[in-house]
$ cat entry-v5.pdb   # PDB, C-alpha atoms
ATOM      1  CA  MET A   1       6.304  14.289  20.181
ATOM      2  CA  SER A   2       3.741  12.045  18.459
ATOM      3  CA  ILE A   3       4.850   9.998  15.464
ATOM      4  CA  ALA A   4       3.042   8.074  12.730
ATOM      5  CA  PHE A   5       4.096   4.913  10.920
ATOM      6  CA  PHE A   6       3.522   4.341   7.205
ATOM      7  CA  PHE A   7       3.483   0.912   5.531
ATOM      8  CA  PRO A   8       4.297   0.665   1.799
ATOM      9  CA  GLY A   9       2.441  -1.349  -0.822
ATOM     10  CA  GLN A  10       3.235  -2.831  -4.211
ATOM     11  CA  GLY A  11       5.977  -1.078  -6.123
ATOM     12  CA  SER A  12       8.430  -1.026  -3.214
ATOM     13  CA  GLN A  13       9.509  -4.656  -3.648
ATOM     14  CA  SER A  14      12.974  -5.610  -4.885
ATOM     15  CA  LEU A  15      15.313  -8.576  -4.734
ATOM     16  CA  ASN A  16      17.222  -8.681  -1.426
ATOM     17  CA  MET A  17      14.864  -6.044  -0.058
ATOM     18  CA  MET A  18      15.448  -7.278   3.515
ATOM     19  CA  SER A  19      19.255  -7.225   3.289
ATOM     20  CA  GLY A  20      19.427  -4.603   6.040
ATOM     21  CA  PHE A  21      17.919  -7.169   8.436
ATOM     22  CA  ASN A  22      19.572 -10.404   7.298
ATOM     23  CA  GLU A  23      20.824 -11.589  10.669
ATOM     24  CA  ILE A  24      17.750 -10.661  12.739
ATOM     25  CA  ASP A  25      15.928 -13.690  14.154
ATOM     26  CA  VAL A  26      12.495 -12.072  14.380
ATOM     27  CA  VAL A  27      12.685 -11.146  10.675
ATOM     28  CA  ARG A  28      13.416 -14.721   9.592
ATOM     29  CA  GLN A  29      10.755 -16.017  12.003
ATOM     30  CA  THR A  30       8.166 -13.665  10.492
ATOM     31  CA  PHE A  31       8.994 -14.874   6.977
ATOM     32  CA  GLU A  32       8.888 -18.509   8.156
ATOM     33  CA  GLN A  33       5.474 -17.904   9.711
ATOM     34  CA  ALA A  34       4.078 -16.501   6.466
ATOM     35  CA  SER A  35       5.792 -19.182   4.377
ATOM     36  CA  THR A  36       4.145 -21.898   6.471
ATOM     37  CA  VAL A  37       0.718 -20.308   5.977
ATOM     38  CA  LEU A  38       1.166 -20.157   2.189
ATOM     39  CA  ASN A  39       3.241 -23.335   1.813
ATOM     40  CA  GLN A  40       5.741 -21.267  -0.168
ATOM     41  CA  ASP A  41       9.273 -20.119   0.714
ATOM     42  CA  LEU A  42       8.944 -16.327   0.723
ATOM     43  CA  TRP A  43      12.528 -15.759   1.897
ATOM     44  CA  ALA A  44      13.819 -17.687  -1.128
ATOM     45  CA  LEU A  45      11.715 -15.426  -3.365
ATOM     46  CA  ILE A  46      13.391 -12.243  -2.142
ATOM     47  CA  THR A  47      16.909 -13.688  -1.954
ATOM     48  CA  GLY A  48      16.760 -15.432  -5.344
ATOM     49  CA  GLU A  49      17.229 -13.989  -8.824
ATOM     50  CA  ASP A  50      13.722 -14.289 -10.298
ATOM     51  CA  VAL A  51      12.481 -10.698 -10.565
ATOM     52  CA  ALA A  52       9.437 -11.787 -12.570
ATOM     53  CA  ALA A  53       8.251 -14.074  -9.757
ATOM     54  CA  LEU A  54       8.875 -11.343  -7.184
ATOM     55  CA  ASN A  55       6.725  -8.919  -9.205
ATOM     56  CA  GLU A  56       3.782 -11.274  -9.676
ATOM     57  CA  THR A  57       0.892  -9.708  -7.770
ATOM     58  CA  VAL A  58       0.087 -12.971  -5.976
ATOM     59  CA  ASN A  59       3.648 -13.031  -4.596
ATOM     60  CA  THR A  60       4.258  -9.306  -4.134
ATOM     61  CA  GLN A  61       1.284  -8.708  -1.863
ATOM     62  CA  PRO A  62       2.143 -11.326   0.805
ATOM     63  CA  LEU A  63       5.852 -10.448   0.480
ATOM     64  CA  MET A  64       5.293  -6.751   1.172
ATOM     65  CA  LEU A  65       2.938  -7.503   4.052
ATOM     66  CA  THR A  66       5.447  -9.896   5.611
ATOM     67  CA  ALA A  67       8.343  -7.488   5.142
ATOM     68  CA  GLY A  68       6.438  -4.630   6.763
ATOM     69  CA  VAL A  69       5.377  -6.761   9.731
ATOM     70  CA  ALA A  70       8.961  -8.062  10.113
ATOM     71  CA  VAL A  71      10.371  -4.523  10.357
ATOM     72  CA  TRP A  72       7.582  -3.545  12.766
ATOM     73  CA  ARG A  73       8.488  -6.514  14.993
ATOM     74  CA  VAL A  74      12.139  -5.434  14.989
ATOM     75  CA  TYR A  75      11.006  -1.980  16.106
ATOM     76  CA  LEU A  76       8.886  -3.470  18.912
ATOM     77  CA  GLN A  77      11.713  -5.761  20.024
ATOM     78  CA  LEU A  78      13.986  -2.719  20.371
ATOM     79  CA  HIS A  79      11.327  -0.943  22.457
ATOM     80  CA  GLY A  80      10.590   1.861  20.026
ATOM     81  CA  VAL A  81       8.020   4.432  21.132
ATOM     82  CA  MET A  82       4.498   3.583  19.954
ATOM     83  CA  PRO A  83       3.138   5.666  17.082
ATOM     84  CA  ALA A  84      -0.065   7.611  17.660
ATOM     85  CA  VAL A  85      -1.331   6.691  14.190
ATOM     86  CA  VAL A  86      -0.542   4.203  11.421
ATOM     87  CA  ALA A  87      -1.485   4.187   7.737
ATOM     88  CA  GLY A  88      -0.668   2.029   4.747
ATOM     89  CA  HIS A  89      -0.620   2.721   1.032
ATOM     90  CA  SER A  90      -3.071   0.344  -0.656
ATOM     91  CA  LEU A  91      -1.864  -3.152   0.328
ATOM     92  CA  GLY A  92       0.043  -1.465   3.183
ATOM     93  CA  GLU A  93      -3.284  -0.818   4.912
ATOM     94  CA  TYR A  94      -3.379  -4.526   5.807
ATOM     95  CA  THR A  95       0.104  -4.243   7.323
ATOM     96  CA  ALA A  96      -1.049  -1.195   9.297
ATOM     97  CA  LEU A  97      -4.008  -3.167  10.672
ATOM     98  CA  VAL A  98      -1.674  -5.987  11.768
ATOM     99  CA  ALA A  99       0.620  -3.458  13.490
ATOM    100  CA  ALA A 100      -2.414  -1.921  15.227
ATOM    101  CA  GLY A 101      -3.489  -5.308  16.603
ATOM    102  CA  SER A 102      -6.693  -5.254  14.560
ATOM    103  CA  LEU A 103      -5.869  -8.116  12.182
ATOM    104  CA  ASP A 104      -4.031 -11.331  12.996
ATOM    105  CA  PHE A 105      -0.856 -11.700  10.920
ATOM    106  CA  THR A 106      -1.658 -15.196   9.637
ATOM    107  CA  ASP A 107      -5.171 -14.087   8.672
ATOM    108  CA  ALA A 108      -3.649 -11.086   6.876
ATOM    109  CA  VAL A 109      -1.238 -13.300   4.915
ATOM    110  CA  LYS A 110      -4.127 -15.458   3.660
ATOM    111  CA  LEU A 111      -6.248 -12.399   2.932
ATOM    112  CA  VAL A 112      -3.685 -10.553   0.834
ATOM    113  CA  ARG A 113      -2.881 -13.694  -1.171
ATOM    114  CA  LEU A 114      -6.606 -14.066  -1.865
ATOM    115  CA  ARG A 115      -6.906 -10.330  -2.586
ATOM    116  CA  ALA A 116      -4.115 -10.599  -5.155
ATOM    117  CA  GLN A 117      -5.725 -13.611  -6.828
ATOM    118  CA  LEU A 118      -9.122 -11.916  -6.982
ATOM    119  CA  MET A 119      -7.598  -8.763  -8.445
ATOM    120  CA  GLN A 120      -5.639 -10.733 -11.033
ATOM    121  CA  ASN A 121      -8.733 -12.710 -12.036
ATOM    122  CA  ALA A 122     -11.019  -9.666 -12.264
ATOM    123  CA  VAL A 123      -9.485  -8.410 -15.514
ATOM    124  CA  PRO A 124      -8.026 -10.685 -18.215
ATOM    125  CA  GLN A 125      -4.273 -10.375 -18.797
ATOM    126  CA  GLY A 126      -3.492  -7.465 -21.108
ATOM    127  CA  GLU A 127      -6.891  -5.817 -20.765
ATOM    128  CA  GLY A 128      -6.023  -3.633 -17.775
ATOM    129  CA  ALA A 129      -3.317  -1.032 -17.225
ATOM    130  CA  MET A 130      -2.075   1.690 -14.889
ATOM    131  CA  ALA A 131      -0.110   4.849 -15.654
ATOM    132  CA  ALA A 132       1.563   7.619 -13.675
ATOM    133  CA  VAL A 133       0.678  11.181 -14.631
ATOM    134  CA  LEU A 134       3.133  13.835 -13.472
ATOM    135  CA  GLY A 135       2.693  17.583 -13.456
ATOM    136  CA  LEU A 136      -1.089  18.008 -13.638
ATOM    137  CA  ASP A 137      -3.526  18.980 -10.887
ATOM    138  CA  ASP A 138      -6.155  16.522  -9.652
ATOM    139  CA  ASP A 139      -9.088  18.089 -11.519
ATOM    140  CA  THR A 140      -7.279  18.083 -14.860
ATOM    141  CA  VAL A 141      -6.382  14.412 -14.489
ATOM    142  CA  ARG A 142      -9.992  13.555 -13.657
ATOM    143  CA  GLN A 143     -11.197  15.543 -16.694
ATOM    144  CA  VAL A 144      -8.708  13.707 -18.936
ATOM    145  CA  CYS A 145     -10.077  10.373 -17.684
ATOM    146  CA  VAL A 146     -13.673  11.435 -18.331
ATOM    147  CA  GLN A 147     -12.765  12.521 -21.865
ATOM    148  CA  ALA A 148     -10.965   9.226 -22.600
ATOM    149  CA  GLU A 149     -14.006   7.244 -21.407
ATOM    150  CA  GLN A 150     -16.300   9.366 -23.587
ATOM    151  CA  GLU A 151     -14.112   8.804 -26.635
ATOM    152  CA  LEU A 152     -13.949   5.063 -25.976
ATOM    153  CA  PRO A 153     -17.388   3.885 -24.782
ATOM    154  CA  GLU A 154     -17.562   0.691 -22.717
ATOM    155  CA  THR A 155     -14.089   1.347 -21.278
ATOM    156  CA  VAL A 156     -12.905   2.509 -17.878
ATOM    157  CA  VAL A 157     -10.167   4.909 -16.784
ATOM    158  CA  GLU A 158     -10.051   6.661 -13.429
ATOM    159  CA  ALA A 159      -7.655   8.533 -11.166
ATOM    160  CA  VAL A 160      -6.827   5.922  -8.521
ATOM    161  CA  ASN A 161      -3.764   6.987  -6.502
ATOM    162  CA  TYR A 162      -3.480  10.555  -5.285
ATOM    163  CA  ASN A 163       0.142  10.077  -4.255
ATOM    164  CA  SER A 164       1.268  13.697  -3.936
ATOM    165  CA  PRO A 165       0.413  16.996  -5.616
ATOM    166  CA  GLY A 166       1.255  16.565  -9.302
ATOM    167  CA  GLN A 167       1.714  12.794  -9.037
ATOM    168  CA  ILE A 168      -1.436  10.831  -9.765
ATOM    169  CA  VAL A 169      -1.834   7.262 -10.973
ATOM    170  CA  ILE A 170      -4.673   6.328 -13.322
ATOM    171  CA  ALA A 171      -6.037   2.843 -13.998
ATOM    172  CA  GLY A 172      -8.576   1.044 -16.132
ATOM    173  CA  SER A 173      -8.956  -0.573 -19.549
ATOM    174  CA  THR A 174      -5.643  -0.643 -21.447
ATOM    175  CA  ASN A 175      -6.851   1.336 -24.462
ATOM    176  CA  SER A 176      -8.519   4.062 -22.394
ATOM    177  CA  VAL A 177      -5.502   4.403 -20.098
ATOM    178  CA  THR A 178      -3.286   4.801 -23.172
ATOM    179  CA  ARG A 179      -5.674   7.430 -24.583
ATOM    180  CA  ALA A 180      -5.799   9.264 -21.227
ATOM    181  CA  CYS A 181      -1.984   9.430 -21.266
ATOM    182  CA  GLU A 182      -2.088  11.094 -24.696
ATOM    183  CA  LEU A 183      -4.697  13.576 -23.479
ATOM    184  CA  ALA A 184      -2.698  14.249 -20.308
ATOM    185  CA  LYS A 185       0.393  15.113 -22.340
ATOM    186  CA  ALA A 186      -1.687  17.401 -24.533
ATOM    187  CA  ALA A 187      -2.989  19.068 -21.364
ATOM    188  CA  GLY A 188       0.565  19.821 -20.234
ATOM    189  CA  ALA A 189       1.626  16.789 -18.193
ATOM    190  CA  LYS A 190       5.392  16.542 -17.720
ATOM    191  CA  ARG A 191       5.122  12.783 -18.092
ATOM    192  CA  ALA A 192       2.396  10.188 -18.549
ATOM    193  CA  LEU A 193       3.840   6.705 -18.575
ATOM    194  CA  LEU A 194       2.424   3.209 -18.373
ATOM    195  CA  LEU A 195       3.471   1.244 -15.284
ATOM    196  CA  PRO A 196       4.739  -2.358 -15.458
ATOM    197  CA  VAL A 197       1.650  -3.881 -13.813
ATOM    198  CA  SER A 198      -1.076  -6.129 -15.158
ATOM    199  CA  VAL A 199      -3.797  -5.363 -12.605
ATOM    200  CA  PRO A 200      -5.696  -2.037 -12.815
ATOM    201  CA  SER A 201      -5.983  -1.526  -9.057
ATOM    202  CA  HIS A 202      -8.473   0.785  -7.315
ATOM    203  CA  CYS A 203     -10.755   1.398 -10.298
ATOM    204  CA  ARG A 204     -14.305   0.118 -10.797
ATOM    205  CA  LEU A 205     -13.040  -2.884 -12.805
ATOM    206  CA  MET A 206     -12.183  -4.301  -9.359
ATOM    207  CA  LYS A 207     -15.809  -4.361  -8.165
ATOM    208  CA  PRO A 208     -16.248  -8.111  -8.882
ATOM    209  CA  ALA A 209     -13.098  -8.803  -6.851
ATOM    210  CA  ALA A 210     -14.388  -6.573  -4.046
ATOM    211  CA  LYS A 211     -17.613  -8.571  -3.850
ATOM    212  CA  GLN A 212     -15.640 -11.787  -3.368
ATOM    213  CA  LEU A 213     -13.307 -10.138  -0.859
ATOM    214  CA  ALA A 214     -16.338  -8.998   1.165
ATOM    215  CA  GLN A 215     -17.500 -12.611   1.307
ATOM    216  CA  ALA A 216     -14.074 -13.799   2.501
ATOM    217  CA  LEU A 217     -13.969 -11.085   5.170
ATOM    218  CA  THR A 218     -17.126 -12.435   6.813
ATOM    219  CA  ASP A 219     -14.997 -15.280   8.215
ATOM    220  CA  VAL A 220     -12.148 -13.022   9.426
ATOM    221  CA  THR A 221     -11.968 -11.661  12.967
ATOM    222  CA  ILE A 222     -11.222  -7.943  13.162
ATOM    223  CA  HIS A 223     -10.445  -6.409  16.552
ATOM    224  CA  ALA A 224     -10.697  -2.761  17.569
ATOM    225  CA  PRO A 225      -7.289  -1.262  16.650
ATOM    226  CA  GLN A 226      -4.980  -0.443  19.569
ATOM    227  CA  ILE A 227      -3.426   2.299  17.405
ATOM    228  CA  SER A 228      -5.521   4.554  15.168
ATOM    229  CA  VAL A 229      -5.484   3.417  11.518
ATOM    230  CA  ILE A 230      -6.236   5.950   8.779
ATOM    231  CA  HIS A 231      -8.015   4.216   5.907
ATOM    232  CA  ASN A 232      -7.261   4.908   2.241
ATOM    233  CA  VAL A 233     -10.835   5.115   1.063
ATOM    234  CA  ASP A 234     -12.109   8.017   3.167
ATOM    235  CA  VAL A 235      -9.130   9.181   5.300
ATOM    236  CA  SER A 236     -11.105   8.109   8.389
ATOM    237  CA  VAL A 237     -10.349   6.132  11.557
ATOM    238  CA  TYR A 238     -12.632   3.310  12.723
ATOM    239  CA  GLN A 239     -12.988   1.128  15.813
ATOM    240  CA  ASP A 240     -15.908  -0.969  14.585
ATOM    241  CA  ALA A 241     -15.015  -4.256  12.839
ATOM    242  CA  GLU A 242     -17.719  -3.941  10.162
ATOM    243  CA  CYS A 243     -16.605  -0.400   9.295
ATOM    244  CA  ILE A 244     -13.018  -1.633   8.900
ATOM    245  CA  LYS A 245     -14.124  -4.525   6.677
ATOM    246  CA  ASN A 246     -16.195  -2.137   4.549
ATOM    247  CA  ALA A 247     -13.188   0.166   4.182
ATOM    248  CA  LEU A 248     -11.052  -2.760   2.958
ATOM    249  CA  VAL A 249     -13.709  -3.828   0.451
ATOM    250  CA  GLN A 250     -14.263  -0.311  -0.901
ATOM    251  CA  GLN A 251     -10.504   0.235  -1.092
ATOM    252  CA  LEU A 252     -10.273  -2.299  -3.934
ATOM    253  CA  TYR A 253     -12.283  -0.113  -6.334
ATOM    254  CA  SER A 254     -11.731   3.350  -4.813
ATOM    255  CA  PRO A 255      -8.807   5.801  -4.987
ATOM    256  CA  VAL A 256      -5.948   5.763  -2.483
ATOM    257  CA  ARG A 257      -6.107   9.231  -0.952
ATOM    258  CA  TRP A 258      -2.501   9.428   0.214
ATOM    259  CA  THR A 259      -2.030  13.190  -0.159
ATOM    260  CA  GLU A 260      -5.028  13.802   2.101
ATOM    261  CA  THR A 261      -3.739  11.240   4.614
ATOM    262  CA  VAL A 262      -0.473  13.101   5.112
ATOM    263  CA  GLU A 263      -2.239  16.477   5.096
ATOM    264  CA  LYS A 264      -4.612  15.250   7.829
ATOM    265  CA  LEU A 265      -1.708  14.164  10.031
ATOM    266  CA  MET A 266       0.181  17.410   9.463
ATOM    267  CA  ALA A 267      -2.947  19.393  10.382
ATOM    268  CA  GLU A 268      -3.150  17.377  13.611
ATOM    269  CA  GLY A 269       0.428  18.368  14.454
ATOM    270  CA  ILE A 270       2.044  15.013  13.660
ATOM    271  CA  THR A 271       5.061  15.870  11.502
ATOM    272  CA  GLU A 272       7.437  12.940  12.205
ATOM    273  CA  TYR A 273       6.963   9.679  10.320
ATOM    274  CA  ALA A 274       8.630   6.327   9.778
ATOM    275  CA  GLU A 275       8.207   4.258   6.625
ATOM    276  CA  CYS A 276       8.127   0.713   7.954
ATOM    277  CA  GLY A 277       9.140  -1.719   5.235
ATOM    278  CA  PRO A 278      11.314  -1.988   2.128
ATOM    279  CA  GLY A 279      12.050   1.033  -0.019
ATOM    280  CA  LYS A 280      11.649   4.774   0.383
ATOM    281  CA  VAL A 281       8.615   5.488  -1.799
ATOM    282  CA  LEU A 282       6.386   6.854   0.966
ATOM    283  CA  ALA A 283       9.221   8.884   2.493
ATOM    284  CA  GLY A 284       9.648  10.611  -0.872
ATOM    285  CA  LEU A 285       5.913  11.214  -1.328
ATOM    286  CA  THR A 286       5.574  12.606   2.185
ATOM    287  CA  LYS A 287       8.262  15.193   1.525
ATOM    288  CA  ARG A 288       6.572  16.217  -1.718
ATOM    289  CA  ILE A 289       3.227  16.612   0.046
ATOM    290  CA  ASP A 290       4.700  18.828   2.772
ATOM    291  CA  LYS A 291       8.325  19.953   2.825
ATOM    292  CA  SER A 292       8.239  20.396   6.610
ATOM    293  CA  ALA A 293       7.385  16.713   7.153
ATOM    294  CA  VAL A 294      10.167  14.370   8.256
ATOM    295  CA  CYS A 295       9.845  10.737   7.149
ATOM    296  CA  THR A 296      12.560   8.188   7.919
ATOM    297  CA  ALA A 297      12.697   4.987   5.866
ATOM    298  CA  LEU A 298      13.408   2.036   8.178
ATOM    299  CA  THR A 299      15.319  -0.075   5.671
ATOM    300  CA  SER A 300      17.992  -1.531   7.992
ATOM    301  CA  LEU A 301      18.625  -2.411  11.624
ATOM    302  CA  GLU A 302      20.837   0.699  11.893
ATOM    303  CA  SER A 303      18.069   2.988  10.618
ATOM    304  CA  VAL A 304      15.619   1.496  13.129
ATOM    305  CA  GLN A 305      18.088   1.930  15.986
ATOM    306  CA  SER A 306      18.827   5.509  14.949
ATOM    307  CA  PHE A 307      15.118   6.386  14.702
ATOM    308  CA  ILE A 308      14.446   4.910  18.144
ATOM    309  CA  ALA A 309      17.402   6.787  19.670
ATOM    310  CA  THR A 310      16.287  10.090  18.170
ATOM    311  CA  HIS A 311      12.716   9.766  19.379
ATOM    312  CA  ALA A 312      13.655   8.409  22.788
ATOM    313  CA  ALA A 313      15.643  11.596  23.282
ATOM    314  CA  ASN A 314      12.543  13.635  22.500
TER     315      ASN A 314
END
$ encode --input "entry-v5.pdb" --output "structure tokens"
Amino acid sequence: MSIAFFFPGQGSQSLNMMSGFNEIDVVRQTFEQASTVLNQDLWALITGEDVAALNETVNTQPLMLTAGVAVWRVYLQLHGVMPAVVAGHSLGEYTALVAAGSLDFTDAVKLVRLRAQLMQNAVPQGEGAMAAVLGLDDDTVRQVCVQAEQELPETVVEAVNYNSPGQIVIAGSTNSVTRACELAKAAGAKRALLLPVSVPSHCRLMKPAAKQLAQALTDVTIHAPQISVIHNVDVSVYQDAECIKNALVQQLYSPVRWTETVEKLMAEGITEYAECGPGKVLAGLTKRIDKSAVCTALTSLESVQSFIATHAAN
């Protein structure tokens, strides 16, 4: 039976998020490798007590990448069966490309740190926001965003994360996001709540950052992936380096089409998944997208061993 691996993005981080792998050499080595690249102790960040530092975009992005790669390396070391496909949610797409052998880990660490800095610099602090809208269909959320933009000219608000049916994240200018939340509630949303983030990811406010990321990518070597990688921006798979770079650039200002990603895999007969990295966000979303899907969160050595044993038996 074919399996797919999913790599989480921002929002899955927490203090002590690697506690299920504390004594594993390859995990500490992976964190040391990334720490050397950034000249910053990433392990101390996740084992300390400073939640604010952990949640700073410039720290969260390299942390989540490193954590995902560390768990992937544990899986490889234990001779887990290779997935047929990998995909990552937003930042997780970089982790997926590392797992697929398309992007060197040290290059990825530098890239996601730069990506975070560019995103943070694209919109002044306090001027951008994101919100989760629950209980409305995609079209209604898009209509709410259009209405908010019309009411508040010169502002931006867009649907940016299609996480699962009835769970969509919007992003843009703070005032228009707030207005879109009010309109969403009036349209029947169960909830519309601002998220504790300062960067309005995946909306057109990120276009200046995308331009600079494109420039940085010209100096990065991308190899043809050894495992198929489904990209967020168009739910497509590429072998060509320039196509992959373009997908990463467009991803910054385009929606994450996660619902379609899982639906594509299910339609292809791949129904077994592993979430490779801290947290269980993608496992939960996968189940909401299709109740017949099975997604195991690999949050500890025991969960990795169990997943490998189950799929070796198949």
$ resolve_selection --input "entry-v5.pdb" --expression "the PyMOL selection byres ((chain A and resi 138) around 8)" --output "PDB file with C-alpha atoms, in the coordinates of the input"
ATOM      1  CA  LEU A 136      -1.089  18.008 -13.638  1.00  0.00           C
ATOM      2  CA  ASP A 137      -3.526  18.980 -10.887  1.00  0.00           C
ATOM      3  CA  ASP A 139      -9.088  18.089 -11.519  1.00  0.00           C
ATOM      4  CA  THR A 140      -7.279  18.083 -14.860  1.00  0.00           C
ATOM      5  CA  VAL A 141      -6.382  14.412 -14.489  1.00  0.00           C
ATOM      6  CA  ARG A 142      -9.992  13.555 -13.657  1.00  0.00           C
ATOM      7  CA  TYR A 162      -3.480  10.555  -5.285  1.00  0.00           C
ATOM      8  CA  PRO A 165       0.413  16.996  -5.616  1.00  0.00           C
ATOM      9  CA  GLY A 166       1.255  16.565  -9.302  1.00  0.00           C
ATOM     10  CA  ILE A 168      -1.436  10.831  -9.765  1.00  0.00           C
TER      11      ILE A 168
END
$ resolve_selection --input "entry-v5.pdb" --expression "the PyMOL selection byres ((chain A and resi 298) around 10)" --output "PyMOL selection string"
chain A and resi 20+68+71-72+75+274-280+283+295-297+299-307
$ atom_distance --input "entry-v5.pdb" --atom1 "atom CA of Leu63 of chain A" --atom2 "atom CA of Gln167 of chain A"
25.5 Å
$ residues_around --input "entry-v5.pdb" --residues "segment 118-127 of chain A" --least-positions-apart "5" --cutoff "6 Å" --atoms "only C-alpha atoms" --output "PyMOL selection string"
chain A and resi 173-174+199+209
$ resolve_selection --input "entry-v5.pdb" --expression "the PyMOL selection byres ((chain A and resi 160) around 12)" --output "PyMOL selection string"
chain A and resi 89-90+129-133+138+141-142+145+156-159+161-163+167-172+177+200-206+232-233+251-258
$ residues_around --input "entry-v5.pdb" --residues "Gly11 of chain A" --least-positions-apart "6" --cutoff "9 Å" --atoms "only C-alpha atoms" --output "MDAnalysis selection string"
chainID A and resid 55 60 279 281
$ closest_residue --input "entry-v5.pdb" --among "A:Val294, A:Leu195, A:Arg115, A:Met266" --to "Ala214 of chain A" --atoms "only C-alpha atoms"
A:Arg115
$ closest_residue --input "entry-v5.pdb" --among "A:Ile270, A:Val262, A:Ala148, A:Val58" --to "Gly88 of chain A" --atoms "only C-alpha atoms"
A:Val262
$ atom_distance --input "entry-v5.pdb" --atom1 "atom CA of Lys264 of chain A" --atom2 "atom CA of Ala70 of chain A"
27.1 Å
